[in-house]
>>> print(open('start.txt').read())   # compact mmCIF, C-alpha atoms and all ligand atoms
# COMPACT_ATOMS: atom_id res chain seq x y z
CA MET W 1 11.59 -6.43 -25.18
CA ASP W 2 9.66 -3.89 -23.10
CA ASP W 3 8.79 -4.96 -19.57
CA VAL W 4 5.25 -3.63 -19.90
CA THR W 5 2.19 -4.84 -18.03
CA THR W 6 -1.04 -4.46 -19.99
CA ILE W 7 -4.26 -4.17 -18.01
CA ALA W 8 -7.40 -4.33 -20.11
CA VAL W 9 -10.37 -2.12 -19.30
CA GLY W 10 -13.62 -3.53 -20.66
CA GLY W 11 -16.98 -1.98 -21.43
CA GLU W 12 -18.45 -0.42 -24.52
CA ARG W 13 -15.17 1.29 -25.48
CA PRO W 14 -12.40 -1.03 -24.25
CA TYR W 15 -8.78 0.13 -23.97
CA ASP W 16 -5.51 -0.88 -22.34
CA VAL W 17 -3.59 0.63 -19.45
CA LEU W 18 0.17 0.15 -19.97
CA VAL W 19 2.42 0.10 -16.91
CA GLY W 20 6.20 0.17 -17.35
CA ARG W 21 9.13 2.50 -18.00
CA ASP W 22 9.81 4.70 -21.03
CA LEU W 23 6.45 4.28 -22.72
CA PRO W 24 6.09 7.34 -25.05
CA HIS W 25 6.93 5.22 -28.13
CA HIS W 26 3.49 3.57 -27.67
CA LEU W 27 1.80 6.90 -28.46
CA PRO W 28 2.04 6.84 -32.28
CA ARG W 29 0.08 3.56 -32.36
CA LEU W 30 -2.61 5.04 -30.10
CA LEU W 31 -2.73 8.16 -32.27
CA ASP W 32 -2.90 6.24 -35.55
CA GLY W 33 -4.97 8.15 -38.13
CA ALA W 34 -4.69 11.53 -36.38
CA ALA W 35 -3.23 14.42 -38.36
CA ARG W 36 -2.93 16.62 -35.24
CA ALA W 37 -2.51 16.02 -31.52
CA ALA W 38 -2.79 18.66 -28.81
CA VAL W 39 -0.44 18.09 -25.86
CA LEU W 40 -1.82 19.67 -22.67
CA TYR W 41 0.67 20.09 -19.85
CA ALA W 42 1.38 22.31 -16.83
CA PRO W 43 4.71 24.17 -16.45
CA PRO W 44 6.37 21.66 -14.02
CA LEU W 45 6.05 18.98 -16.74
CA ARG W 46 7.31 21.11 -19.65
CA ALA W 47 10.38 18.96 -20.37
CA GLN W 48 8.35 15.73 -20.29
CA ALA W 49 5.71 17.30 -22.56
CA GLU W 50 8.40 18.42 -25.01
CA ALA W 51 9.69 14.84 -25.19
CA ILE W 52 6.15 13.61 -25.93
CA THR W 53 5.72 16.35 -28.55
CA ARG W 54 8.90 15.17 -30.31
CA VAL W 55 7.67 11.56 -30.42
CA ILE W 56 4.38 12.72 -31.90
CA SER W 57 6.09 14.94 -34.46
CA GLU W 58 8.50 12.16 -35.53
CA ALA W 59 5.43 9.98 -36.18
CA GLY W 60 4.24 12.54 -38.75
CA ILE W 61 1.49 13.96 -36.52
CA ALA W 62 1.41 17.76 -36.06
CA PRO W 63 1.73 18.51 -32.34
CA LEU W 64 0.02 21.50 -30.71
CA ALA W 65 1.55 22.16 -27.28
CA ILE W 66 -0.88 23.88 -24.89
CA ASP W 67 0.35 24.91 -21.46
CA VAL W 68 -2.27 25.18 -18.74
CA PRO W 69 -2.09 26.31 -15.08
CA ASP W 70 -0.75 23.71 -12.67
CA ALA W 71 -2.84 21.50 -10.40
CA GLU W 72 -6.43 22.55 -9.52
CA ALA W 73 -5.94 26.02 -11.07
CA GLY W 74 -6.12 24.26 -14.43
CA LYS W 75 -9.41 22.51 -13.71
CA SER W 76 -11.69 25.37 -14.68
CA ILE W 77 -14.13 26.05 -17.49
CA ASP W 78 -12.11 29.16 -18.44
CA VAL W 79 -8.97 27.12 -18.98
CA ALA W 80 -10.96 24.53 -20.95
CA ALA W 81 -12.40 27.34 -23.11
CA ARG W 82 -8.89 28.63 -23.84
CA CYS W 83 -7.91 25.10 -24.95
CA TRP W 84 -10.97 24.88 -27.23
CA ASP W 85 -9.98 28.25 -28.77
CA GLN W 86 -6.56 26.82 -29.61
CA LEU W 87 -8.02 23.60 -31.07
CA GLY W 88 -10.32 25.75 -33.21
CA ALA W 89 -7.50 27.99 -34.41
CA ALA W 90 -5.46 24.91 -35.37
CA GLY W 91 -8.41 23.32 -37.21
CA PHE W 92 -8.81 20.19 -35.07
CA THR W 93 -11.20 17.69 -36.67
CA ARG W 94 -12.86 14.54 -35.34
CA THR W 95 -9.89 12.35 -36.28
CA ASP W 96 -7.48 14.53 -34.28
CA ALA W 97 -6.64 13.86 -30.65
CA VAL W 98 -5.77 15.30 -27.25
CA VAL W 99 -2.92 14.05 -25.05
CA GLY W 100 -2.75 15.06 -21.38
CA VAL W 101 0.73 14.97 -19.84
CA GLY W 102 0.56 15.45 -16.09
CA GLY W 103 -1.02 14.49 -12.83
CA GLY W 104 -4.72 13.93 -12.28
CA ALA W 105 -5.60 17.61 -12.62
CA VAL W 106 -4.16 17.93 -16.12
CA THR W 107 -5.53 14.58 -17.31
CA ASP W 108 -9.02 15.43 -15.92
CA LEU W 109 -8.87 18.71 -17.87
CA ALA W 110 -7.47 17.11 -21.05
CA GLY W 111 -10.15 14.42 -21.01
CA PHE W 112 -12.84 17.06 -20.55
CA VAL W 113 -11.48 19.20 -23.39
CA ALA W 114 -11.52 16.10 -25.61
CA ALA W 115 -14.99 15.00 -24.43
CA CYS W 116 -16.55 18.32 -25.48
CA TRP W 117 -14.58 19.20 -28.61
CA LEU W 118 -16.81 18.32 -31.60
CA ARG W 119 -18.80 16.32 -28.96
CA GLY W 120 -15.95 13.91 -28.37
CA VAL W 121 -12.53 13.23 -29.86
CA ARG W 122 -9.91 10.65 -28.94
CA TRP W 123 -7.70 11.35 -25.93
CA ILE W 124 -4.78 9.70 -24.17
CA PRO W 125 -3.55 10.42 -20.65
CA VAL W 126 0.21 10.17 -20.11
CA SER W 127 0.05 10.06 -16.35
CA THR W 128 2.99 11.53 -14.45
CA SER W 129 1.86 11.23 -10.80
CA LEU W 130 1.21 8.15 -8.70
CA LEU W 131 -2.34 9.30 -8.03
CA GLY W 132 -2.92 9.82 -11.72
CA MET W 133 -1.63 6.37 -12.60
CA VAL W 134 -3.61 4.45 -10.01
CA ASP W 135 -6.80 6.42 -10.41
CA ALA W 136 -7.36 9.62 -12.41
CA ALA W 137 -6.07 8.44 -15.79
CA VAL W 138 -8.17 5.28 -15.74
CA GLY W 139 -11.94 5.14 -16.10
CA GLY W 140 -12.91 8.07 -18.30
CA LYS W 141 -14.20 10.42 -15.57
CA THR W 142 -13.21 13.85 -16.88
CA GLY W 143 -14.14 17.29 -15.62
CA VAL W 144 -13.51 20.63 -13.99
CA ASN W 145 -14.40 22.31 -10.70
CA THR W 146 -17.03 25.06 -10.35
CA ALA W 147 -17.67 27.71 -7.71
CA ALA W 148 -19.99 25.26 -5.93
CA GLY W 149 -17.53 22.39 -5.69
CA LYS W 150 -15.20 19.75 -6.98
CA ASN W 151 -15.66 18.08 -10.41
CA LEU W 152 -19.23 19.37 -10.69
CA VAL W 153 -19.04 19.70 -14.49
CA GLY W 154 -17.72 16.86 -16.56
CA ALA W 155 -18.31 13.92 -18.83
CA PHE W 156 -17.69 10.19 -18.93
CA HIS W 157 -15.30 9.88 -21.87
CA PRO W 158 -13.00 6.84 -21.86
CA PRO W 159 -9.49 7.33 -23.24
CA ALA W 160 -8.07 5.40 -26.20
CA GLY W 161 -5.33 4.06 -23.94
CA VAL W 162 -3.45 5.04 -20.78
CA LEU W 163 0.31 5.29 -20.27
CA CYS W 164 1.54 4.80 -16.68
CA ASP W 165 5.22 5.46 -17.26
CA LEU W 166 6.97 4.70 -13.98
CA SER W 167 10.14 6.53 -15.08
CA LEU W 168 8.15 9.78 -14.85
CA LEU W 169 7.78 9.23 -11.10
CA ASP W 170 11.54 9.90 -10.69
CA THR W 171 10.83 13.66 -10.52
CA LEU W 172 7.56 13.48 -8.57
CA PRO W 173 7.96 15.27 -5.20
CA ARG W 174 7.75 12.87 -2.27
CA VAL W 175 4.73 14.69 -0.85
CA ASP W 176 2.81 13.97 -4.07
CA LEU W 177 3.95 10.34 -4.14
CA VAL W 178 2.62 9.89 -0.60
CA ALA W 179 -0.63 11.69 -1.49
CA GLY W 180 -1.16 9.17 -4.29
CA LEU W 181 -0.88 6.34 -1.78
CA ALA W 182 -4.19 7.45 -0.23
CA GLU W 183 -6.05 6.24 -3.35
CA VAL W 184 -4.00 3.03 -3.28
CA VAL W 185 -5.05 2.44 0.34
CA LYS W 186 -8.66 3.12 -0.73
CA CYS W 187 -8.38 0.31 -3.28
CA GLY W 188 -6.99 -1.93 -0.53
CA PHE W 189 -10.02 -1.36 1.69
CA ILE W 190 -12.70 -1.57 -0.99
CA ALA W 191 -11.37 -4.52 -3.00
CA ASP W 192 -7.80 -5.79 -2.60
CA PRO W 193 -6.58 -6.28 1.00
CA ALA W 194 -3.22 -7.57 -0.31
CA ILE W 195 -2.47 -3.88 -0.92
CA LEU W 196 -2.88 -3.19 2.80
CA ASP W 197 -0.73 -6.19 3.75
CA LEU W 198 2.00 -5.01 1.38
CA ILE W 199 1.98 -1.48 2.79
CA GLU W 200 1.82 -2.67 6.41
CA SER W 201 4.72 -5.10 5.87
CA ARG W 202 7.02 -2.11 5.53
CA THR W 203 8.29 -0.14 8.52
CA PRO W 204 7.71 3.65 8.55
CA ASP W 205 11.48 4.36 8.48
CA GLU W 206 11.77 2.52 5.15
CA GLY W 207 10.27 5.67 3.57
CA PRO W 208 8.16 5.58 0.42
CA PRO W 209 8.07 2.26 -1.46
CA ASP W 210 10.85 1.46 -3.94
CA GLU W 211 10.10 0.98 -7.63
CA ALA W 212 9.29 -2.74 -7.44
CA VAL W 213 6.80 -2.22 -4.61
CA THR W 214 5.42 0.89 -6.30
CA ARG W 215 4.88 -1.06 -9.49
CA GLU W 216 3.01 -3.82 -7.67
CA LEU W 217 0.84 -1.22 -5.92
CA VAL W 218 0.13 0.58 -9.21
CA GLU W 219 -0.80 -2.63 -10.99
CA ARG W 220 -3.03 -3.84 -8.14
CA ALA W 221 -4.83 -0.49 -7.85
CA VAL W 222 -5.29 -0.19 -11.62
CA ARG W 223 -6.79 -3.71 -11.69
CA VAL W 224 -9.25 -2.74 -8.96
CA LYS W 225 -10.27 0.35 -10.92
CA ALA W 226 -10.34 -1.42 -14.30
CA ASP W 227 -12.67 -4.13 -12.96
CA VAL W 228 -15.10 -1.54 -11.61
CA VAL W 229 -15.17 0.95 -14.50
CA GLY W 230 -15.25 -1.85 -17.07
CA ALA W 231 -18.52 -3.00 -15.50
CA ASP W 232 -20.06 0.42 -14.72
CA LEU W 233 -18.57 3.33 -16.66
CA ARG W 234 -21.36 5.83 -15.89
CA GLU W 235 -21.65 5.16 -12.14
CA GLY W 236 -25.07 3.57 -12.34
CA GLY W 237 -24.26 1.73 -9.10
CA LEU W 238 -21.07 -0.31 -8.63
CA ARG W 239 -18.71 2.55 -9.57
CA GLU W 240 -19.74 4.48 -6.46
CA VAL W 241 -17.38 2.25 -4.47
CA LEU W 242 -14.44 4.19 -5.98
CA ASN W 243 -15.84 7.25 -4.21
CA TYR W 244 -15.08 5.73 -0.78
CA GLY W 245 -13.80 8.59 1.41
CA HIS W 246 -14.55 11.23 -1.21
CA THR W 247 -17.74 12.82 0.18
CA LEU W 248 -15.83 14.52 2.97
CA ALA W 249 -12.60 14.75 0.91
CA HIS W 250 -14.16 16.90 -1.81
CA ALA W 251 -15.76 19.15 0.83
CA ILE W 252 -12.36 19.66 2.51
CA GLU W 253 -10.79 20.51 -0.85
CA LYS W 254 -13.47 23.11 -1.55
CA VAL W 255 -13.34 24.63 1.94
CA GLU W 256 -9.54 24.89 1.55
CA GLY W 257 -9.89 26.66 -1.83
CA TYR W 258 -8.21 23.62 -3.47
CA SER W 259 -4.91 24.30 -1.67
CA TRP W 260 -4.99 20.80 -0.11
CA ARG W 261 -3.79 17.88 -2.23
CA HIS W 262 -6.61 15.56 -3.30
CA GLY W 263 -4.81 12.55 -1.79
CA HIS W 264 -4.46 14.29 1.59
CA ALA W 265 -8.19 15.11 1.64
CA VAL W 266 -9.01 11.53 0.63
CA SER W 267 -6.92 10.28 3.55
CA VAL W 268 -9.01 12.24 6.07
CA GLY W 269 -12.16 11.26 4.17
CA LEU W 270 -11.30 7.57 4.44
CA VAL W 271 -10.94 7.79 8.22
CA TYR W 272 -14.26 9.63 8.37
CA ALA W 273 -16.09 7.10 6.17
CA ALA W 274 -14.66 4.20 8.19
CA THR W 275 -15.85 5.80 11.44
CA LEU W 276 -19.26 6.50 9.94
CA GLY W 277 -19.54 2.84 8.91
CA HIS W 278 -18.53 1.76 12.40
CA LEU W 279 -20.97 4.10 14.20
CA ALA W 280 -23.74 2.98 11.82
CA GLY W 281 -23.15 -0.58 13.02
CA ARG W 282 -21.75 -1.80 9.70
CA LEU W 283 -17.98 -2.02 10.29
CA ASP W 284 -16.07 -3.59 13.18
CA GLU W 285 -13.94 -1.26 15.28
CA ALA W 286 -10.60 -2.92 14.45
CA THR W 287 -11.06 -2.45 10.70
CA ALA W 288 -12.18 1.14 11.23
CA LYS W 289 -9.05 1.83 13.31
CA ARG W 290 -6.87 0.11 10.69
CA HIS W 291 -7.70 3.01 8.34
CA SER W 292 -6.06 5.66 10.53
CA SER W 293 -3.12 3.44 11.42
CA VAL W 294 -2.15 2.55 7.84
CA LEU W 295 -2.68 6.12 6.57
CA ALA W 296 -0.80 7.76 9.46
CA ALA W 297 2.09 5.31 9.05
CA LEU W 298 2.44 6.53 5.46
CA GLY W 299 2.62 10.13 6.71
CA LEU W 300 -0.86 11.02 5.47
CA PRO W 301 -3.17 13.38 7.41
CA THR W 302 -6.04 11.83 9.40
CA ALA W 303 -7.54 14.96 11.00
CA TYR W 304 -9.10 18.26 9.97
CA ARG W 305 -10.28 21.47 11.65
CA ALA W 306 -13.08 20.89 14.18
CA ASP W 307 -14.68 24.30 13.49
CA ALA W 308 -15.10 23.57 9.77
CA TRP W 309 -17.99 21.12 10.27
CA PRO W 310 -20.89 23.44 9.27
CA ASP W 311 -19.13 24.39 6.00
CA LEU W 312 -18.21 20.78 5.29
CA LEU W 313 -21.77 19.55 5.85
CA ALA W 314 -23.20 22.25 3.57
CA THR W 315 -20.67 21.41 0.84
CA MET W 316 -21.28 17.66 1.11
CA ARG W 317 -24.91 18.30 0.12
CA VAL W 318 -23.82 18.84 -3.53
CA ASP W 319 -21.87 15.56 -3.60
CA LYS W 320 -22.81 13.63 -6.76
CA LYS W 321 -23.99 10.64 -4.72
CA ALA W 322 -26.59 12.78 -2.90
CA ARG W 323 -30.21 12.31 -3.96
CA GLY W 324 -32.50 15.25 -3.22
CA SER W 325 -31.88 16.31 0.37
CA LYS W 326 -30.45 12.87 1.31
CA LEU W 327 -26.71 12.36 1.60
CA ARG W 328 -25.35 8.95 0.59
CA PHE W 329 -21.98 7.57 1.69
CA VAL W 330 -19.89 4.63 0.63
CA VAL W 331 -19.11 2.63 3.79
CA LEU W 332 -17.67 -0.80 4.43
CA ASP W 333 -19.50 -3.80 5.86
CA GLY W 334 -16.04 -5.37 6.17
CA ILE W 335 -12.79 -5.39 4.23
CA ALA W 336 -13.50 -5.54 0.49
CA ARG W 337 -17.26 -5.32 1.23
CA PRO W 338 -18.28 -1.78 0.24
CA SER W 339 -21.92 -0.74 0.47
CA ILE W 340 -24.07 2.39 0.66
CA LEU W 341 -25.23 4.22 3.78
CA ASP W 342 -28.36 6.03 2.66
CA GLY W 343 -29.52 9.19 4.40
CA PRO W 344 -27.57 9.09 7.69
CA SER W 345 -28.87 11.55 10.30
CA ASP W 346 -27.05 14.83 10.92
CA GLU W 347 -26.32 13.55 14.48
CA LEU W 348 -24.55 10.46 13.13
CA LEU W 349 -22.61 12.52 10.59
CA ARG W 350 -21.50 14.92 13.34
CA ALA W 351 -20.58 12.10 15.72
CA ALA W 352 -18.33 10.51 13.08
CA TYR W 353 -16.64 13.86 12.55
CA GLU W 354 -15.45 13.79 16.20
CA GLU W 355 -12.96 11.09 15.12
CA VAL W 356 -11.20 13.37 12.61
CA ALA W 357 -11.82 16.76 14.27
CA ALA W 358 -8.51 18.31 15.28
N1 LIG W 401 -10.85 11.27 -13.07
C1 LIG W 401 -10.72 10.51 -12.01
O1 LIG W 401 -11.22 9.38 -11.95
C2 LIG W 401 -9.90 10.99 -10.85
C3 LIG W 401 -9.46 10.09 -9.89
C4 LIG W 401 -8.68 10.55 -8.84
C5 LIG W 401 -8.32 11.89 -8.80
N2 LIG W 401 -8.73 12.72 -9.77
C6 LIG W 401 -8.29 14.13 -9.77
O2 LIG W 401 -6.87 14.14 -9.88
C7 LIG W 401 -6.36 15.33 -9.26
C8 LIG W 401 -5.25 14.96 -8.32
O3 LIG W 401 -4.20 14.39 -9.06
P1 LIG W 401 -2.68 14.52 -8.58
O4 LIG W 401 -2.56 14.05 -7.20
O5 LIG W 401 -1.85 13.92 -9.63
O6 LIG W 401 -2.50 16.09 -8.48
P2 LIG W 401 -1.99 17.16 -9.56
O7 LIG W 401 -2.34 16.79 -10.92
O8 LIG W 401 -2.43 18.46 -9.03
O9 LIG W 401 -0.40 17.03 -9.42
C9 LIG W 401 0.19 17.34 -8.18
C10 LIG W 401 1.49 18.13 -8.39
O10 LIG W 401 2.49 17.24 -8.85
C11 LIG W 401 3.12 17.79 -10.02
N3 LIG W 401 3.61 16.66 -10.80
C12 LIG W 401 2.86 15.67 -11.36
N4 LIG W 401 3.66 14.76 -11.92
C13 LIG W 401 4.93 15.16 -11.70
C14 LIG W 401 6.21 14.62 -12.04
N5 LIG W 401 6.34 13.46 -12.65
N6 LIG W 401 7.29 15.34 -11.68
C15 LIG W 401 7.18 16.51 -11.02
N7 LIG W 401 6.00 17.05 -10.66
C16 LIG W 401 4.90 16.38 -11.00
C17 LIG W 401 2.03 18.59 -10.67
O11 LIG W 401 2.57 19.53 -11.58
C18 LIG W 401 1.37 19.22 -9.45
O12 LIG W 401 2.07 20.35 -9.03
C19 LIG W 401 -7.54 15.97 -8.56
O13 LIG W 401 -8.03 17.02 -9.34
C20 LIG W 401 -8.56 14.86 -8.49
O14 LIG W 401 -9.88 15.35 -8.43
C21 LIG W 401 -9.50 12.30 -10.80
O1 LIG W 402 -13.36 6.99 -10.71
C1 LIG W 402 -14.23 7.17 -9.85
O2 LIG W 402 -15.42 6.89 -10.03
C2 LIG W 402 -13.86 7.77 -8.55
O3 LIG W 402 -14.74 8.09 -7.76
C3 LIG W 402 -12.41 7.91 -8.25
C4 LIG W 402 -12.07 9.07 -7.32
O4 LIG W 402 -10.83 8.73 -6.73
C5 LIG W 402 -11.87 10.40 -8.05
O5 LIG W 402 -11.37 11.34 -7.15
C6 LIG W 402 -13.03 10.93 -8.83
O6 LIG W 402 -12.64 12.05 -9.61
C7 LIG W 402 -14.17 11.39 -7.96
O7 LIG W 402 -15.28 11.47 -8.76
P1 LIG W 402 -16.53 12.40 -8.46
O8 LIG W 402 -17.58 11.83 -9.35
O9 LIG W 402 -16.87 12.30 -7.01
O10 LIG W 402 -16.14 13.77 -8.84
ZN ZN W 403 -10.00 10.46 -5.75
>>> encode(input="start.txt", output="structure tokens", more="lines below")
Ligand SMILES: NC(=O)c1ccc[n+]([C@@H]2O[C@H](COP(=O)([O-])OP(=O)(O)OC[C@H]3O[C@@H](n4cnc5c(N)ncnc54)[C@H](O)[C@@H]3O)[C@@H](O)[C@H]2O)c1
Ligand SMILES: O=C(O)C(=O)C[C@@H](O)[C@H](O)[C@H](O)COP(=O)(O)O
Ligand SMILES: [Zn+2]
Amino acid sequence: MDDVTTIAVGGERPYDVLVGRDLPHHLPRLLDGAARAAVLYAPPLRAQAEAITRVISEAGIAPLAIDVPDAEAGKSIDVAARCWDQLGAAGFTRTDAVVGVGGGAVTDLAGFVAACWLRGVRWIPVSTSLLGMVDAAVGGKTGVNTAAGKNLVGAFHPPAGVLCDLSLLDTLPRVDLVAGLAEVVKCGFIADPAILDLIESRTPDEGPPDEAVTRELVERAVRVKADVVGADLREGGLREVLNYGHTLAHAIEKVEGYSWRHGHAVSVGLVYAATLGHLAGRLDEATAKRHSSVLAALGLPTAYRADAWPDLLATMRVDKKARGSKLRFVVLDGIARPSILDGPSDELLRAAYEEVAA
């Protein structure tokens, strides 16, 4: 019997997240009724995508392999348009489906392609990165970047199911595994402090967590996300907590021309948000400092260029949580007590940046 953990995501279109090893044989069930399935993948995941394509084909579903540029280069409206051209040429109908095989960038793109094709067809992320498994593949936020910033065009379009196949992590570069831990740490601070205890119980020279620890971290983080998105798919309120650390993170990514990994930017953004919460009188100093200590111990960055502040502030103004000319930040009132800081002054924002300015 498979050793698979099933985590249910509720809401108007419920689905399951499966966590385990060697999961592709679950795809035919999720694709039941489809005559065709597009498989979007980036070149580093070609072999894994070919394996998925074979499973789909053996189930009697016609696969359409579509290779897209790797990482953030794939998250563009031009790439999405090329995918739609291929779906059109292959005659994709509303019962057909899209499968995204890759990290968060490819699954964000695949979900967006599916959300817009015929105004919404079924899609399934087969997540291959730690960050994708714990975050991007779950929750139905899909989208692409624009010239003005990160994820500025997109749709809420929940998947039919999510495969978090831990065997795929065997080839994930260590730097990307560590980057994914930033989102896991985020979940620890906003909702599940046992995650922080588990990470802190390990010494830095133990290196990245082994598979058993990784699996526990994945399952805990997915449960945090599933609870939130099951209650608030469209970010009417509660879901904003998942954006902890992201206001600055997305600005760093844009200023860097998307050459920084999302997880690295989130790491700096978490330290910034913690400091902001502390300076605003919401968060105690020890908990704020715990952010930089746990992230640095994992080998994640906690600082960014001091001279970038004007560009970062300008970019943060198009953050999706902003309302009119007011910036809004997720901060903590304590561990697992996220809340909103509405309209902080430019002086406070600048003062918090001193903590991360290198
Ligand atoms: N939709 C959401 O809710 C959500 C949540 C978090 C992050 N995101 C998005 O996810 C993206 C970041 O995801 P990411 O960290 O996975 O980055 P990524 O998708 O860019 O992948 C990072 C690198 O790892 C490679 N890779 C992935 N899996 C691999 C494997 N098994 N073996 C070898 N190489 C592998 C990729 O090809 C890429 O080069 C960002 O665009 C971010 O905005 C979305
Ligand atoms: O799922 C969410 O909601 C999140 O905010 C999770 C984030 O980790 C993720 O990076 C997300 O893509 C950011 O969303 P955005 O709405 O700020 O683009
Ligand atoms: Zn994120």
>>> residues_near_ligand(input="start.txt", ligand="ligand ZN 403 (chain W)", cutoff="8 Å", atoms="only C-alpha atoms and all ligand atoms", output="compact mmCIF listing (two decimals) with C-alpha atoms, in the frame of the given file")
# COMPACT_ATOMS: atom_id res chain seq x y z
CA ASP W 135 -6.80 6.42 -10.41
CA ALA W 136 -7.36 9.62 -12.41
CA GLU W 183 -6.05 6.24 -3.35
CA LEU W 242 -14.44 4.19 -5.98
CA ASN W 243 -15.84 7.25 -4.21
CA HIS W 246 -14.55 11.23 -1.21
CA HIS W 262 -6.61 15.56 -3.30
CA GLY W 263 -4.81 12.55 -1.79
CA VAL W 266 -9.01 11.53 0.63
>>> atom_distance(input="start.txt", atom1="CA of Gly324 (chain W)", atom2="CA of Thr247 (chain W)")
15.3 Å
>>> closest_atom_pairs(input="start.txt", of="chain W", to="ligand LIG 402 (chain W)", cutoff="8 Å", atoms="only C-alpha atoms and all ligand atoms", output="tab-separated table")
residue	atom	partner	partner_atom	distance
W:Asp135	CA	W:LIG402	O4	5.9
W:Ala136	CA	W:LIG402	C5	6.3
W:Val138	CA	W:LIG402	O1	7.4
W:Gly139	CA	W:LIG402	O1	5.9
W:Gly140	CA	W:LIG402	O1	7.7
W:Lys141	CA	W:LIG402	O1	6.0
W:Thr142	CA	W:LIG402	O6	7.5
W:Gly143	CA	W:LIG402	O10	7.9
W:Lys150	CA	W:LIG402	O10	6.3
W:Asn151	CA	W:LIG402	O10	4.6
W:Leu152	CA	W:LIG402	O10	6.7
W:Glu183	CA	W:LIG402	O4	6.4
W:Lys225	CA	W:LIG402	O1	7.3
W:Val229	CA	W:LIG402	O1	7.4
W:Glu235	CA	W:LIG402	O2	6.8
W:Arg239	CA	W:LIG402	O2	5.5
W:Glu240	CA	W:LIG402	O2	6.1
W:Val241	CA	W:LIG402	O3	7.2
W:Leu242	CA	W:LIG402	O3	4.3
W:Asn243	CA	W:LIG402	O3	3.8
W:Tyr244	CA	W:LIG402	O3	7.4
W:His246	CA	W:LIG402	O9	6.3
W:Thr247	CA	W:LIG402	O9	7.3
W:His250	CA	W:LIG402	O9	7.5
W:His262	CA	W:LIG402	O5	7.4
W:Asp319	CA	W:LIG402	O9	6.9
W:Lys320	CA	W:LIG402	O9	6.1
W:Lys321	CA	W:LIG402	O9	7.7
>>> residues_around(input="start.txt", residues="region 193-198 of chain W", least_positions_apart="4", cutoff="9 Å", atoms="all atoms listed in the file", output="ChimeraX atom specification")
/W:184-185,187-189,202,213,216-217,220-221,294,335-336
>>> write_last_selection(input="start.txt", atoms="C-alpha atoms", output="JSON list (two decimals), in the frame of the given file")
[["chain", "number", "residue", "atom", "x", "y", "z"],
["W", 184, "VAL", "CA", -4.00, 3.03, -3.28],
["W", 185, "VAL", "CA", -5.05, 2.44, 0.34],
["W", 187, "CYS", "CA", -8.38, 0.31, -3.28],
["W", 188, "GLY", "CA", -6.99, -1.93, -0.53],
["W", 189, "PHE", "CA", -10.02, -1.36, 1.69],
["W", 202, "ARG", "CA", 7.02, -2.11, 5.53],
["W", 213, "VAL", "CA", 6.80, -2.22, -4.61],
["W", 216, "GLU", "CA", 3.01, -3.82, -7.67],
["W", 217, "LEU", "CA", 0.84, -1.22, -5.92],
["W", 220, "ARG", "CA", -3.03, -3.84, -8.14],
["W", 221, "ALA", "CA", -4.83, -0.49, -7.85],
["W", 294, "VAL", "CA", -2.15, 2.55, 7.84],
["W", 335, "ILE", "CA", -12.79, -5.39, 4.23],
["W", 336, "ALA", "CA", -13.50, -5.54, 0.49]]
>>> axis_aligned_box(input="start.txt", around="region 161-174 of chain W", padding_each_side="4 Å", output="AutoDock Vina command-line options")
--center_x 3.1 --center_y 9.7 --center_z -13.1 --size_x 24.9 --size_y 19.2 --size_z 29.7
>>> residues_near_ligand(input="start.txt", ligand="ligand LIG 401 (chain W)", cutoff="7 Å", atoms="only C-alpha atoms and all ligand atoms", output="ChimeraX atom specification")
/W:42,44-45,70-72,102-106,108,128-132,135-142,151,168-173,176,179-180,261-263
>>> write_last_selection(input="start.txt", atoms="C-alpha atoms", output="compact mmCIF listing (two decimals), in the frame of the given file")
# COMPACT_ATOMS: atom_id res chain seq x y z
CA ALA W 42 1.38 22.31 -16.83
CA PRO W 44 6.37 21.66 -14.02
CA LEU W 45 6.05 18.98 -16.74
CA ASP W 70 -0.75 23.71 -12.67
CA ALA W 71 -2.84 21.50 -10.40
CA GLU W 72 -6.43 22.55 -9.52
CA GLY W 102 0.56 15.45 -16.09
CA GLY W 103 -1.02 14.49 -12.83
CA GLY W 104 -4.72 13.93 -12.28
CA ALA W 105 -5.60 17.61 -12.62
CA VAL W 106 -4.16 17.93 -16.12
CA ASP W 108 -9.02 15.43 -15.92
CA THR W 128 2.99 11.53 -14.45
CA SER W 129 1.86 11.23 -10.80
CA LEU W 130 1.21 8.15 -8.70
CA LEU W 131 -2.34 9.30 -8.03
CA GLY W 132 -2.92 9.82 -11.72
CA ASP W 135 -6.80 6.42 -10.41
CA ALA W 136 -7.36 9.62 -12.41
CA ALA W 137 -6.07 8.44 -15.79
CA VAL W 138 -8.17 5.28 -15.74
CA GLY W 139 -11.94 5.14 -16.10
CA GLY W 140 -12.91 8.07 -18.30
CA LYS W 141 -14.20 10.42 -15.57
CA THR W 142 -13.21 13.85 -16.88
CA ASN W 151 -15.66 18.08 -10.41
CA LEU W 168 8.15 9.78 -14.85
CA LEU W 169 7.78 9.23 -11.10
CA ASP W 170 11.54 9.90 -10.69
CA THR W 171 10.83 13.66 -10.52
CA LEU W 172 7.56 13.48 -8.57
CA PRO W 173 7.96 15.27 -5.20
CA ASP W 176 2.81 13.97 -4.07
CA ALA W 179 -0.63 11.69 -1.49
CA GLY W 180 -1.16 9.17 -4.29
CA ARG W 261 -3.79 17.88 -2.23
CA HIS W 262 -6.61 15.56 -3.30
CA GLY W 263 -4.81 12.55 -1.79
>>> decode(input="start.txt", residues="region 49-55 of chain W", atoms="C-alpha atoms", output="short mmCIF file (atom, residue, chain, number, x, y, z; two decimals), in the first residue's frame")
data_model
loop_
_atom_site.label_atom_id
_atom_site.label_comp_id
_atom_site.auth_asym_id
_atom_site.auth_seq_id
_atom_site.Cartn_x
_atom_site.Cartn_y
_atom_site.Cartn_z
CA ALA W 49 7.68 15.42 -17.54
CA GLU W 50 8.27 12.59 -20.02
CA ALA W 51 7.52 10.06 -17.27
CA ILE W 52 4.26 11.90 -16.49
CA THR W 53 3.41 12.03 -20.21
CA ARG W 54 3.83 8.24 -20.44
CA VAL W 55 1.48 7.66 -17.48
#
